[in-house]
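Source file: final-v5.cif (mmCIF, C-alpha atoms and all ligand atoms)
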```
data_start
#
loop_
_atom_site.label_atom_id
_atom_site.label_comp_id
_atom_site.auth_asym_id
_atom_site.auth_seq_id
_atom_site.Cartn_x
_atom_site.Cartn_y
_atom_site.Cartn_z
CA MET T 17 0.00 0.00 0.00
CA PRO T 18 1.46 3.40 -0.89
CA TYR T 19 2.84 5.65 1.86
CA THR T 20 2.75 2.92 4.55
CA ASN T 21 6.23 3.84 5.75
CA GLU T 22 5.51 7.59 5.61
CA ARG T 23 2.40 7.03 7.78
CA ARG T 24 4.38 4.93 10.27
CA ILE T 25 7.25 7.40 10.58
CA ALA T 26 4.82 10.33 10.88
CA GLU T 27 2.95 8.58 13.71
CA LEU T 28 6.14 7.61 15.56
CA ALA T 29 7.63 11.09 15.14
CA ILE T 30 4.66 13.00 16.54
CA GLN T 31 4.09 10.42 19.26
CA ARG T 32 7.66 10.88 20.50
CA ALA T 33 7.37 14.67 20.28
CA CYS T 34 4.31 14.54 22.53
CA ILE T 35 6.44 13.11 25.35
CA LEU T 36 8.27 16.46 25.27
CA THR T 37 5.19 18.66 24.74
CA GLU T 38 3.23 17.00 27.56
CA ARG T 39 6.18 17.45 29.93
CA VAL T 40 6.16 21.20 29.21
CA TYR T 41 2.33 21.36 29.22
CA ASN T 42 2.40 20.05 32.80
CA SER T 43 5.28 22.23 33.94
CA GLN T 44 5.38 25.85 35.09
CA VAL T 45 8.33 26.55 32.80
CA LYS T 46 7.01 27.20 29.27
CA GLY T 47 9.63 29.71 28.10
CA THR T 48 7.04 31.67 26.14
CA ILE T 49 8.21 34.23 23.59
CA MET T 50 5.87 36.58 21.69
CA LYS T 51 6.87 36.38 18.01
CA GLY T 52 6.89 39.21 15.52
CA ASP T 53 3.31 38.41 14.47
CA LYS T 54 2.23 38.72 18.12
CA SER T 55 1.62 34.97 18.38
CA PRO T 56 3.25 32.97 21.21
CA VAL T 57 5.85 30.24 20.86
CA THR T 58 7.17 28.10 23.72
CA ILE T 59 10.16 25.85 24.37
CA ALA T 60 7.81 22.95 23.52
CA ASP T 61 7.11 24.29 20.00
CA PHE T 62 10.88 24.40 19.33
CA GLY T 63 11.60 21.04 20.96
CA ALA T 64 8.82 19.27 19.09
CA GLN T 65 9.94 20.80 15.79
CA ALA T 66 13.49 19.58 16.36
CA LEU T 67 12.41 16.02 17.20
CA ILE T 68 9.92 15.72 14.33
CA ILE T 69 12.13 17.21 11.62
CA SER T 70 15.02 15.02 12.81
CA SER T 71 12.77 11.95 12.41
CA VAL T 72 11.41 12.88 8.99
CA SER T 73 14.76 13.82 7.52
CA HIS T 74 16.39 10.67 8.95
CA ALA T 75 13.78 8.50 7.23
CA PHE T 76 13.32 10.56 4.05
CA PRO T 77 16.51 12.62 3.59
CA GLU T 78 15.51 13.90 0.12
CA ASP T 79 12.15 15.33 1.25
CA SER T 80 11.47 19.04 1.84
CA ILE T 81 10.00 20.29 5.10
CA VAL T 82 7.81 23.33 5.87
CA GLY T 83 7.82 23.82 9.63
CA GLU T 84 6.19 26.69 11.46
CA GLU T 85 9.14 27.66 13.64
CA ASP T 86 12.81 28.59 13.03
CA SER T 87 15.80 28.78 15.38
CA SER T 88 16.38 32.56 15.34
CA ASP T 89 14.92 33.12 18.84
CA LEU T 90 17.04 30.27 20.23
CA ARG T 91 20.24 31.49 18.57
CA ALA T 92 19.64 34.84 20.28
CA ASP T 93 18.93 33.39 23.74
CA LYS T 94 21.39 30.79 25.12
CA ALA T 95 19.35 30.12 28.26
CA LYS T 96 16.27 29.26 26.18
CA ARG T 97 18.36 27.23 23.74
CA ASP T 98 19.79 25.19 26.64
CA LEU T 99 16.28 24.62 28.05
CA VAL T 100 15.07 23.29 24.70
CA TRP T 101 18.18 21.13 24.21
CA GLY T 102 17.69 19.66 27.71
CA LEU T 103 14.11 18.65 26.84
CA VAL T 104 15.14 17.23 23.44
CA LYS T 105 18.07 15.26 24.90
CA ASP T 106 15.92 13.82 27.72
CA THR T 107 13.29 12.73 25.18
CA LEU T 108 15.90 11.12 22.90
CA ASP T 109 17.43 9.33 25.90
CA ALA T 110 14.00 8.06 26.95
CA THR T 111 13.22 6.67 23.49
CA LYS T 112 16.49 4.98 22.48
CA ASP T 113 14.46 2.11 21.00
CA LEU T 114 13.31 4.49 18.25
CA THR T 115 16.78 5.77 17.32
CA SER T 116 17.24 3.31 14.45
CA GLU T 117 13.99 4.46 12.79
CA LEU T 118 13.90 8.09 13.88
CA GLY T 119 17.57 9.04 14.09
CA ASP T 120 19.32 11.09 16.76
CA ILE T 121 20.51 14.66 17.45
CA LYS T 122 24.03 14.87 18.88
CA ASP T 123 24.11 18.38 20.39
CA SER T 124 22.34 21.74 20.60
CA GLU T 125 24.19 23.12 17.58
CA GLU T 126 22.83 20.27 15.45
CA MET T 127 19.39 20.83 17.03
CA LEU T 128 19.33 24.42 15.74
CA ALA T 129 20.30 23.26 12.26
CA VAL T 130 17.58 20.59 12.35
CA ILE T 131 14.91 23.14 13.35
CA ASP T 132 16.00 25.30 10.39
CA ARG T 133 15.47 22.45 7.90
CA GLY T 134 11.82 23.54 8.11
CA THR T 135 12.27 26.80 6.23
CA HIS T 136 11.36 25.38 2.80
CA GLN T 137 9.02 27.67 0.83
CA GLY T 138 6.56 24.89 -0.15
CA GLY T 139 5.05 24.70 -3.63
CA ALA T 140 3.34 22.56 -6.25
CA VAL T 141 6.05 20.02 -7.01
CA GLY T 142 7.70 17.28 -5.00
CA ARG T 143 7.40 15.75 -1.55
CA ILE T 144 6.88 18.41 1.11
CA TRP T 145 6.12 17.75 4.82
CA ALA T 146 3.99 20.42 6.57
CA LEU T 147 4.66 20.52 10.32
CA ASP T 148 2.92 22.38 13.14
CA PRO T 149 4.90 21.29 16.22
CA ILE T 150 2.27 22.76 18.49
CA ASP T 151 -0.96 23.88 16.87
CA GLY T 152 -3.02 26.01 19.22
CA THR T 153 -0.14 27.38 21.28
CA LYS T 154 -2.68 29.66 22.99
CA GLY T 155 -4.70 26.62 24.02
CA PHE T 156 -1.47 24.92 25.16
CA LEU T 157 -0.67 27.93 27.38
CA ARG T 158 -4.27 28.15 28.64
CA GLY T 159 -4.21 24.47 29.69
CA ASP T 160 -6.77 23.50 27.04
CA GLN T 161 -6.51 21.68 23.72
CA TYR T 162 -3.54 21.65 21.36
CA ALA T 163 -2.34 19.29 18.63
CA VAL T 164 0.95 18.09 17.12
CA CYS T 165 0.35 17.91 13.37
CA LEU T 166 2.29 16.51 10.42
CA GLY T 167 1.16 16.13 6.80
CA LEU T 168 2.91 14.98 3.63
CA ILE T 169 2.01 16.92 0.48
CA VAL T 170 3.07 15.34 -2.84
CA ASP T 171 2.86 17.52 -5.96
CA GLY T 172 0.42 19.85 -4.17
CA LYS T 173 -1.95 17.18 -2.79
CA VAL T 174 -1.98 15.97 0.82
CA GLN T 175 -1.29 12.20 0.79
CA VAL T 176 -0.52 11.46 4.47
CA GLY T 177 -1.81 13.15 7.61
CA ALA T 178 -1.11 12.43 11.28
CA LEU T 179 -2.02 14.34 14.40
CA VAL T 180 -1.95 13.82 18.15
CA CYS T 181 -4.43 15.61 20.42
CA PRO T 182 -2.99 14.84 23.86
CA ASN T 183 -5.94 16.28 25.76
CA LEU T 184 -8.92 14.94 23.82
CA PRO T 185 -10.61 12.03 25.66
CA VAL T 186 -10.10 8.59 24.08
CA ASP T 187 -13.83 7.97 24.63
CA PRO T 188 -15.85 11.12 23.94
CA GLU T 189 -18.58 9.65 26.17
CA ALA T 190 -16.10 9.47 29.06
CA PRO T 191 -14.52 12.94 29.15
CA GLU T 192 -12.93 12.24 32.55
CA GLY T 193 -11.35 9.00 31.26
CA GLU T 194 -8.06 8.38 29.46
CA LYS T 195 -6.89 11.32 27.37
CA GLY T 196 -4.74 11.48 24.26
CA ILE T 197 -5.61 10.29 20.74
CA LEU T 198 -3.53 9.80 17.62
CA LEU T 199 -5.28 10.02 14.25
CA SER T 200 -3.79 9.31 10.85
CA ALA T 201 -4.82 8.82 7.23
CA VAL T 202 -3.40 8.03 3.81
CA ARG T 203 -5.38 9.29 0.80
CA GLY T 204 -7.67 6.51 -0.40
CA GLN T 205 -7.00 4.29 2.63
CA GLY T 206 -9.37 5.74 5.23
CA ALA T 207 -8.65 7.38 8.59
CA THR T 208 -7.91 5.67 11.90
CA MET T 209 -7.63 6.64 15.55
CA ARG T 210 -5.97 5.08 18.58
CA PRO T 211 -5.02 6.10 22.10
CA TRP T 212 -1.72 8.01 22.06
CA SER T 213 -0.49 5.77 24.89
CA THR T 214 -0.57 2.56 22.84
CA PRO T 215 2.07 3.12 20.12
CA SER T 216 1.94 -0.32 18.65
CA ALA T 217 -1.81 -0.76 18.55
CA GLN T 218 -3.49 -0.73 15.17
CA GLY T 219 -5.75 2.29 14.76
CA THR T 220 -9.48 1.73 14.53
CA PRO T 221 -11.28 3.20 11.48
CA ILE T 222 -13.15 6.46 12.16
CA SER T 223 -15.94 8.15 10.26
CA MET T 224 -17.92 11.35 10.28
CA SER T 225 -21.26 11.45 12.11
CA SER T 226 -24.32 10.11 10.28
CA VAL T 227 -26.57 12.90 11.60
CA THR T 228 -28.30 14.64 8.67
CA ASP T 229 -30.87 16.63 10.64
CA PHE T 230 -29.55 20.13 11.40
CA SER T 231 -31.74 20.34 14.52
CA LYS T 232 -29.58 17.53 15.95
CA ALA T 233 -26.26 18.73 14.50
CA ARG T 234 -23.36 20.41 16.37
CA PHE T 235 -20.60 22.60 14.96
CA CYS T 236 -16.97 23.05 16.02
CA GLU T 237 -15.24 26.40 16.14
CA GLY T 238 -12.00 27.81 17.59
CA VAL T 239 -11.74 29.25 21.08
CA GLU T 240 -9.78 32.36 20.10
CA ALA T 241 -12.09 35.16 18.90
CA GLY T 242 -9.09 36.58 17.05
CA HIS T 243 -8.81 33.49 14.85
CA SER T 244 -12.36 33.08 13.52
CA SER T 245 -15.62 35.02 13.65
CA HIS T 246 -17.81 33.58 16.41
CA SER T 247 -20.67 35.99 15.64
CA GLU T 248 -20.87 34.98 11.96
CA GLN T 249 -20.51 31.31 12.86
CA ALA T 250 -23.39 31.62 15.36
CA SER T 251 -25.54 33.38 12.78
CA ILE T 252 -24.88 30.64 10.20
CA ALA T 253 -25.67 27.92 12.74
CA LYS T 254 -28.94 29.64 13.62
CA SER T 255 -29.93 30.01 9.95
CA LEU T 256 -29.37 26.24 9.54
CA GLY T 257 -31.60 25.42 12.53
CA ILE T 258 -28.70 24.25 14.70
CA THR T 259 -29.68 24.74 18.34
CA ALA T 260 -26.87 22.91 20.20
CA PRO T 261 -24.09 25.11 21.60
CA SER T 262 -20.86 25.12 19.56
CA ILE T 263 -18.02 22.75 20.46
CA GLN T 264 -15.13 25.17 21.07
CA LEU T 265 -11.67 23.59 20.71
CA ASP T 266 -8.24 25.07 20.06
CA SER T 267 -6.14 23.66 17.20
CA GLN T 268 -6.72 20.87 14.67
CA ALA T 269 -8.52 19.06 17.48
CA LYS T 270 -11.57 20.38 15.67
CA TYR T 271 -10.71 18.24 12.63
CA ALA T 272 -10.12 15.30 14.97
CA SER T 273 -13.49 15.86 16.65
CA ILE T 274 -15.67 15.90 13.53
CA SER T 275 -13.70 13.07 11.87
CA ARG T 276 -14.71 10.75 14.71
CA GLY T 277 -18.32 12.00 14.76
CA VAL T 278 -18.17 14.44 17.68
CA GLY T 279 -19.79 17.30 15.83
CA GLU T 280 -20.86 17.38 12.17
CA ILE T 281 -19.47 20.72 11.01
CA TYR T 282 -16.32 22.87 11.45
CA LEU T 283 -16.69 26.57 10.64
CA ARG T 284 -13.69 28.90 10.40
CA LEU T 285 -14.83 32.24 9.03
CA PRO T 286 -11.99 34.73 8.62
CA VAL T 287 -11.82 37.72 10.95
CA SER T 288 -9.52 39.49 8.53
CA LEU T 289 -9.42 39.04 4.74
CA SER T 290 -5.68 39.69 4.75
CA TYR T 291 -4.80 36.70 6.97
CA GLU T 292 -3.53 33.69 5.01
CA GLU T 293 -4.10 30.31 6.65
CA LYS T 294 -0.85 28.32 6.98
CA ILE T 295 -0.49 24.95 5.23
CA TRP T 296 0.68 23.36 8.51
CA ASP T 297 -2.57 24.40 10.22
CA HIS T 298 -4.69 22.33 7.80
CA ALA T 299 -2.72 19.66 5.87
CA ALA T 300 -3.06 16.76 8.32
CA GLY T 301 -6.55 17.55 9.60
CA SER T 302 -8.08 18.18 6.18
CA LEU T 303 -6.99 14.77 4.86
CA ILE T 304 -8.20 12.98 8.00
CA VAL T 305 -11.64 14.58 7.59
CA GLU T 306 -11.77 13.66 3.88
CA GLU T 307 -10.72 10.07 4.60
CA ALA T 308 -13.33 9.88 7.37
CA GLY T 309 -15.91 10.67 4.70
CA GLY T 310 -16.24 14.43 5.12
CA VAL T 311 -16.03 17.34 2.68
CA ILE T 312 -13.78 20.35 3.20
CA THR T 313 -13.69 23.59 1.20
CA ASP T 314 -12.99 27.23 1.89
CA ILE T 315 -15.84 29.71 2.45
CA TYR T 316 -16.31 30.10 -1.34
CA GLY T 317 -16.60 26.33 -1.90
CA LYS T 318 -13.06 26.06 -3.33
CA GLU T 319 -10.87 23.02 -2.61
CA LEU T 320 -7.92 23.80 -0.31
CA ASP T 321 -4.93 24.61 -2.53
CA PHE T 322 -1.68 23.37 -0.96
CA ARG T 323 0.40 24.30 -4.05
CA GLN T 324 0.80 27.99 -3.22
CA GLY T 325 3.73 27.85 -0.81
CA ARG T 326 3.72 28.14 2.99
CA THR T 327 0.15 29.48 3.07
CA LEU T 328 -3.26 28.69 1.57
CA ARG T 329 -3.16 32.04 -0.18
CA ALA T 330 -5.75 30.95 -2.79
CA ASN T 331 -8.29 30.18 -0.05
CA LYS T 332 -10.25 32.01 2.64
CA GLY T 333 -11.54 30.33 5.79
CA ILE T 334 -12.66 26.70 6.21
CA VAL T 335 -16.02 24.94 5.85
CA ALA T 336 -15.77 21.25 6.73
CA ALA T 337 -18.80 19.02 7.16
CA GLN T 338 -20.37 15.60 6.90
CA THR T 339 -20.97 15.04 3.15
CA ALA T 340 -24.78 15.26 3.22
CA LEU T 341 -24.69 18.55 5.12
CA HIS T 342 -21.85 20.40 3.34
CA PRO T 343 -23.88 21.89 0.44
CA ALA T 344 -26.46 23.47 2.76
CA VAL T 345 -23.74 24.71 5.14
CA LEU T 346 -21.83 26.31 2.27
CA LYS T 347 -25.04 27.96 1.03
CA ALA T 348 -25.67 29.39 4.49
CA VAL T 349 -22.07 30.66 4.65
CA LYS T 350 -22.45 32.39 1.28
CA GLU T 351 -25.77 33.95 2.43
CA GLU T 352 -24.06 35.24 5.55
CA LEU T 353 -21.10 36.64 3.58
CA LYS T 354 -23.42 38.26 1.04
CA VAL T 355 -25.20 39.93 3.94
CA LEU T 356 -21.84 41.15 5.10
CA GLU T 357 -20.64 41.99 1.56
CA LEU T 358 -17.31 40.25 2.23
N1 LIG H 401 -6.13 35.84 12.33
C1 LIG H 401 -6.07 34.51 12.31
N2 LIG H 401 -6.98 33.81 11.59
C2 LIG H 401 -6.95 32.46 11.57
N3 LIG H 401 -6.05 31.72 12.24
C3 LIG H 401 -5.13 32.37 12.96
C4 LIG H 401 -5.09 33.78 13.03
N4 LIG H 401 -4.05 34.13 13.83
C5 LIG H 401 -3.46 32.99 14.21
N5 LIG H 401 -4.12 31.93 13.68
C6 LIG H 401 -3.77 30.50 13.82
O1 LIG H 401 -4.80 29.73 14.37
C7 LIG H 401 -4.17 28.53 14.78
C8 LIG H 401 -4.90 27.98 15.93
O2 LIG H 401 -6.18 27.71 15.46
P1 LIG H 401 -7.39 27.76 16.49
O3 LIG H 401 -7.60 29.18 16.84
O4 LIG H 401 -8.52 27.17 15.70
O5 LIG H 401 -6.95 26.94 17.64
C9 LIG H 401 -2.76 28.83 15.14
O6 LIG H 401 -1.90 28.05 14.35
C10 LIG H 401 -2.62 30.27 14.76
O7 LIG H 401 -1.47 30.51 14.01
P2 LIG H 401 -0.18 31.10 14.78
O8 LIG H 401 0.60 29.87 15.14
O9 LIG H 401 0.42 31.94 13.75
O10 LIG H 401 -0.67 31.85 15.98
MG MG H 402 1.97 29.53 16.11
MG MG H 403 2.10 26.19 15.89
MG MG H 404 -0.98 26.31 14.14
#
```

Have the structure of the file written as structure tokens, please.
Amino acid sequence: MPYTNERRIAELAIQRACILTERVYNSQVKGTIMKGDKSPVTIADFGAQALIISSVSHAFPEDSIVGEEDSSDLRADKAKRDLVWGLVKDTLDATKDLTSELGDIKDSEEMLAVIDRGTHQGGAVGRIWALDPIDGTKGFLRGDQYAVCLGLIVDGKVQVGALVCPNLPVDPEAPEGEKGILLSAVRGQGATMRPWSTPSAQGTPISMSSVTDFSKARFCEGVEAGHSSHSEQASIAKSLGITAPSIQLDSQAKYASISRGVGEIYLRLPVSLSYEEKIWDHAAGSLIVEEAGGVITDIYGKELDFRQGRTLRANKGIVAAQTALHPAVLKAVKEELKVLEL
């Protein structure tokens, strides 16, 4: 089956990175820096990027990598660099059994170089991995949801997607039970999910909800009001006859939620028309939703275009839904936008 090894390496790489991210999530020391675009980055974002890029380039040395972060902040701050290297080294030491498949990093200098292998510009040709080492850094800092996300784009089309949501419950019916799920998909081979804590277990197939009655449907949206328009999303839900409160989750956990039937719709209406969604924010989750039987477009009904570089500059917003519901949802979105003359 195509991409079997890519799926395996992607799962192992993000699983290992979550050992590091969960350690920081549960610690007081996050080492948060506000980046130039006013978004936060923590020592966990850097550490996860180092571990995941090291794994991918060990297994597929010819592939290109688009990663969200770069090492400039760490090169400028030795104390922070040492903190990140300490986390990375501890994680490597704790997972020596994976070294043959995932490679190793010998020192902090090499770690910086590995982080910077993610500066590729993306594009329409070749094998390009899109990595968000921590998606939903604001949720991570708030103690809510975040996700570690990795997708493989081949000639502009996502072929492999893998994401870990360390704080989503394994059983949505038992929110106080075990937490941490790993989802993955290969185009044409379906999507699966398994507890993050059982690396070797085979994933179980997942699918979108079968609800087709809007009065029983639920929609997912982000937590951050600065990232999507809650008012427009509420107005669209109302026009569709949705009465249930929205499921608010940070990160690609929203893709994970609808792809296993917890919610039927994901709405992400832009708060600014100048913002360009990043490819790493959507590559893995969009494929998992499609392979779980869902439909995903932007707010104009256009397919997500991963050929444009590091961003989805040909798209605006996200409308993802169970297949039977997507046309009506898109119509309601267009009605709302017409009202707002977007
Ligand atoms: N204005 C914006 N519109 C849409 N997404 C945004 C915006 N600003 C930041 N983001 C991104 O939203 C993602 C989190 O999604 P959610 O809000 O659904 O949890 C983050 O990767 C964040 O990117 P960044 O890492 O640049 O902050
Ligand atoms: Mg970020
Ligand atoms: Mg991120
Ligand atoms: Mg992100």

**Message:** Please find the residues contacting ligand MG 404 (chain H) at a distance of at most 6 Å between atoms, with all atoms listed in the file counted, and report them as a PyMOL selection string.
**Reply:** chain T and resi 148+151-152+297

Keeping only C-alpha atoms, write the selected residues to a file as a PDB file, in the frame of the given file.
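Written out: selection34.pdb:
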```pdb
ATOM      1  CA  ASP T 148       2.920  22.380  13.140  1.00  0.00           C
ATOM      2  CA  ASP T 151      -0.960  23.880  16.870  1.00  0.00           C
ATOM      3  CA  GLY T 152      -3.020  26.010  19.220  1.00  0.00           C
ATOM      4  CA  ASP T 297      -2.570  24.400  10.220  1.00  0.00           C
TER       5      ASP T 297
END
```

**Request:** May I ask you to write as a VMD selection string all residues lying at most 8 Å from ligand MG 402 (chain H), with only C-alpha atoms and all ligand atoms counted?
**Result:** chain T and resid 55 to 57 84 to 85 148 150 to 153

For ligand LIG 401 (chain H), return the neighbouring residues as a PDB file with C-alpha atoms, in the frame of the given file (distance at most 8 Å; all atoms listed in the file).
```pdb
ATOM      1  CA  ASP T  53       3.310  38.410  14.470  1.00  0.00           C
ATOM      2  CA  LYS T  54       2.230  38.720  18.120  1.00  0.00           C
ATOM      3  CA  SER T  55       1.620  34.970  18.380  1.00  0.00           C
ATOM      4  CA  PRO T  56       3.250  32.970  21.210  1.00  0.00           C
ATOM      5  CA  VAL T  57       5.850  30.240  20.860  1.00  0.00           C
ATOM      6  CA  GLU T  84       6.190  26.690  11.460  1.00  0.00           C
ATOM      7  CA  ASP T 148       2.920  22.380  13.140  1.00  0.00           C
ATOM      8  CA  ILE T 150       2.270  22.760  18.490  1.00  0.00           C
ATOM      9  CA  ASP T 151      -0.960  23.880  16.870  1.00  0.00           C
ATOM     10  CA  GLY T 152      -3.020  26.010  19.220  1.00  0.00           C
ATOM     11  CA  THR T 153      -0.140  27.380  21.280  1.00  0.00           C
ATOM     12  CA  LYS T 154      -2.680  29.660  22.990  1.00  0.00           C
ATOM     13  CA  GLY T 155      -4.700  26.620  24.020  1.00  0.00           C
ATOM     14  CA  TYR T 162      -3.540  21.650  21.360  1.00  0.00           C
ATOM     15  CA  GLU T 237     -15.240  26.400  16.140  1.00  0.00           C
ATOM     16  CA  GLY T 238     -12.000  27.810  17.590  1.00  0.00           C
ATOM     17  CA  VAL T 239     -11.740  29.250  21.080  1.00  0.00           C
ATOM     18  CA  GLU T 240      -9.780  32.360  20.100  1.00  0.00           C
ATOM     19  CA  ALA T 241     -12.090  35.160  18.900  1.00  0.00           C
ATOM     20  CA  GLY T 242      -9.090  36.580  17.050  1.00  0.00           C
ATOM     21  CA  HIS T 243      -8.810  33.490  14.850  1.00  0.00           C
ATOM     22  CA  SER T 244     -12.360  33.080  13.520  1.00  0.00           C
ATOM     23  CA  LEU T 265     -11.670  23.590  20.710  1.00  0.00           C
ATOM     24  CA  ASP T 266      -8.240  25.070  20.060  1.00  0.00           C
ATOM     25  CA  SER T 267      -6.140  23.660  17.200  1.00  0.00           C
ATOM     26  CA  GLN T 268      -6.720  20.870  14.670  1.00  0.00           C
ATOM     27  CA  LYS T 270     -11.570  20.380  15.670  1.00  0.00           C
ATOM     28  CA  ARG T 284     -13.690  28.900  10.400  1.00  0.00           C
ATOM     29  CA  PRO T 286     -11.990  34.730   8.620  1.00  0.00           C
ATOM     30  CA  VAL T 287     -11.820  37.720  10.950  1.00  0.00           C
ATOM     31  CA  SER T 288      -9.520  39.490   8.530  1.00  0.00           C
ATOM     32  CA  TYR T 291      -4.800  36.700   6.970  1.00  0.00           C
ATOM     33  CA  GLU T 292      -3.530  33.690   5.010  1.00  0.00           C
ATOM     34  CA  GLU T 293      -4.100  30.310   6.650  1.00  0.00           C
ATOM     35  CA  LYS T 294      -0.850  28.320   6.980  1.00  0.00           C
ATOM     36  CA  TRP T 296       0.680  23.360   8.510  1.00  0.00           C
ATOM     37  CA  ASP T 297      -2.570  24.400  10.220  1.00  0.00           C
ATOM     38  CA  GLY T 333     -11.540  30.330   5.790  1.00  0.00           C
TER      39      GLY T 333
END
```

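Residues with any atom within 10 Å of Thr339 of chain T, counting all atoms listed in the file and excluding same-chain neighbours fewer than 4 positions away, are Met224, Ser225, Ser226, Thr228, Glu280, Ile281, Glu306, Gly309, Gly310, Val311, Ile312 and Pro343 of chain T.
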
**Selected residue, from T:Ile252, T:Ala163, T:Ala272, T:Leu346, that lies nearest to ligand MG 403 (chain H) when counting all atoms listed in the file** = T:Ala163

**Prompt:** Which residue out of T:Gly317, T:Gly47, T:Gly219, T:Gly83 has the minimum interatomic distance to ligand MG 403 (chain H) when all atoms listed in the file are used?
**Reply:**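 The closest residue to ligand MG 403 (chain H) is T:Gly83.
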
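For the atom pair formed by atom CA of Leu157 of chain T and atom CA of Pro211 of chain T, the distance is 22.9 Å, given to one decimal.
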
**Request:** List the neighbours of Ile197 of chain T out to 12 Å using all atoms listed in the file; skip same-chain residues closer than 3 positions along the sequence, and give me the result as number ranges by chain.
**Result:** T: 27, 30-31, 34, 161-164, 178-188, 194, 200, 208-215, 217, 219-220, 269, 272-273, 276

Output file: segment 264-269 of chain T, all heavy atoms, as a PDB file, in the first residue's frame:
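Saved result, part.pdb, follows:
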```pdb
ATOM      1  N   GLN T 264     -16.274  24.265  21.247  1.00  0.00           N
ATOM      2  CA  GLN T 264     -15.130  25.170  21.069  1.00  0.00           C
ATOM      3  C   GLN T 264     -13.828  24.442  21.446  1.00  0.00           C
ATOM      4  O   GLN T 264     -13.648  24.027  22.601  1.00  0.00           O
ATOM      5  CB  GLN T 264     -15.288  26.420  21.931  1.00  0.00           C
ATOM      6  CG  GLN T 264     -16.403  27.347  21.425  1.00  0.00           C
ATOM      7  CD  GLN T 264     -16.244  28.769  21.931  1.00  0.00           C
ATOM      8  OE1 GLN T 264     -15.558  29.014  22.939  1.00  0.00           O
ATOM      9  NE2 GLN T 264     -16.857  29.723  21.250  1.00  0.00           N
ATOM     10  N   LEU T 265     -12.948  24.290  20.475  1.00  0.00           N
ATOM     11  CA  LEU T 265     -11.671  23.595  20.713  1.00  0.00           C
ATOM     12  C   LEU T 265     -10.550  24.379  20.042  1.00  0.00           C
ATOM     13  O   LEU T 265     -10.719  24.840  18.901  1.00  0.00           O
ATOM     14  CB  LEU T 265     -11.708  22.183  20.092  1.00  0.00           C
ATOM     15  CG  LEU T 265     -12.747  21.177  20.623  1.00  0.00           C
ATOM     16  CD1 LEU T 265     -12.836  19.976  19.683  1.00  0.00           C
ATOM     17  CD2 LEU T 265     -12.375  20.732  22.034  1.00  0.00           C
ATOM     18  N   ASP T 266      -9.423  24.492  20.706  1.00  0.00           N
ATOM     19  CA  ASP T 266      -8.239  25.067  20.057  1.00  0.00           C
ATOM     20  C   ASP T 266      -7.656  24.042  19.082  1.00  0.00           C
ATOM     21  O   ASP T 266      -7.844  22.838  19.292  1.00  0.00           O
ATOM     22  CB  ASP T 266      -7.145  25.371  21.115  1.00  0.00           C
ATOM     23  CG  ASP T 266      -7.587  26.437  22.106  1.00  0.00           C
ATOM     24  OD1 ASP T 266      -7.568  27.622  21.726  1.00  0.00           O
ATOM     25  OD2 ASP T 266      -7.977  26.069  23.235  1.00  0.00           O
ATOM     26  N   SER T 267      -6.993  24.517  18.053  1.00  0.00           N
ATOM     27  CA  SER T 267      -6.140  23.663  17.195  1.00  0.00           C
ATOM     28  C   SER T 267      -6.896  22.743  16.244  1.00  0.00           C
ATOM     29  O   SER T 267      -8.119  22.769  16.131  1.00  0.00           O
ATOM     30  CB  SER T 267      -5.223  22.800  18.092  1.00  0.00           C
ATOM     31  OG  SER T 267      -5.952  21.662  18.562  1.00  0.00           O
ATOM     32  N   GLN T 268      -6.126  21.841  15.601  1.00  0.00           N
ATOM     33  CA  GLN T 268      -6.716  20.874  14.674  1.00  0.00           C
ATOM     34  C   GLN T 268      -7.494  19.800  15.421  1.00  0.00           C
ATOM     35  O   GLN T 268      -8.018  18.874  14.804  1.00  0.00           O
ATOM     36  CB  GLN T 268      -5.614  20.250  13.804  1.00  0.00           C
ATOM     37  CG  GLN T 268      -4.955  21.269  12.874  1.00  0.00           C
ATOM     38  CD  GLN T 268      -4.141  20.631  11.763  1.00  0.00           C
ATOM     39  OE1 GLN T 268      -4.563  19.675  11.102  1.00  0.00           O
ATOM     40  NE2 GLN T 268      -2.950  21.178  11.510  1.00  0.00           N
ATOM     41  N   ALA T 269      -7.630  19.953  16.707  1.00  0.00           N
ATOM     42  CA  ALA T 269      -8.516  19.060  17.479  1.00  0.00           C
ATOM     43  C   ALA T 269      -9.936  19.138  16.933  1.00  0.00           C
ATOM     44  O   ALA T 269     -10.713  18.188  17.076  1.00  0.00           O
ATOM     45  CB  ALA T 269      -8.488  19.435  18.961  1.00  0.00           C
TER      46      ALA T 269
END
```
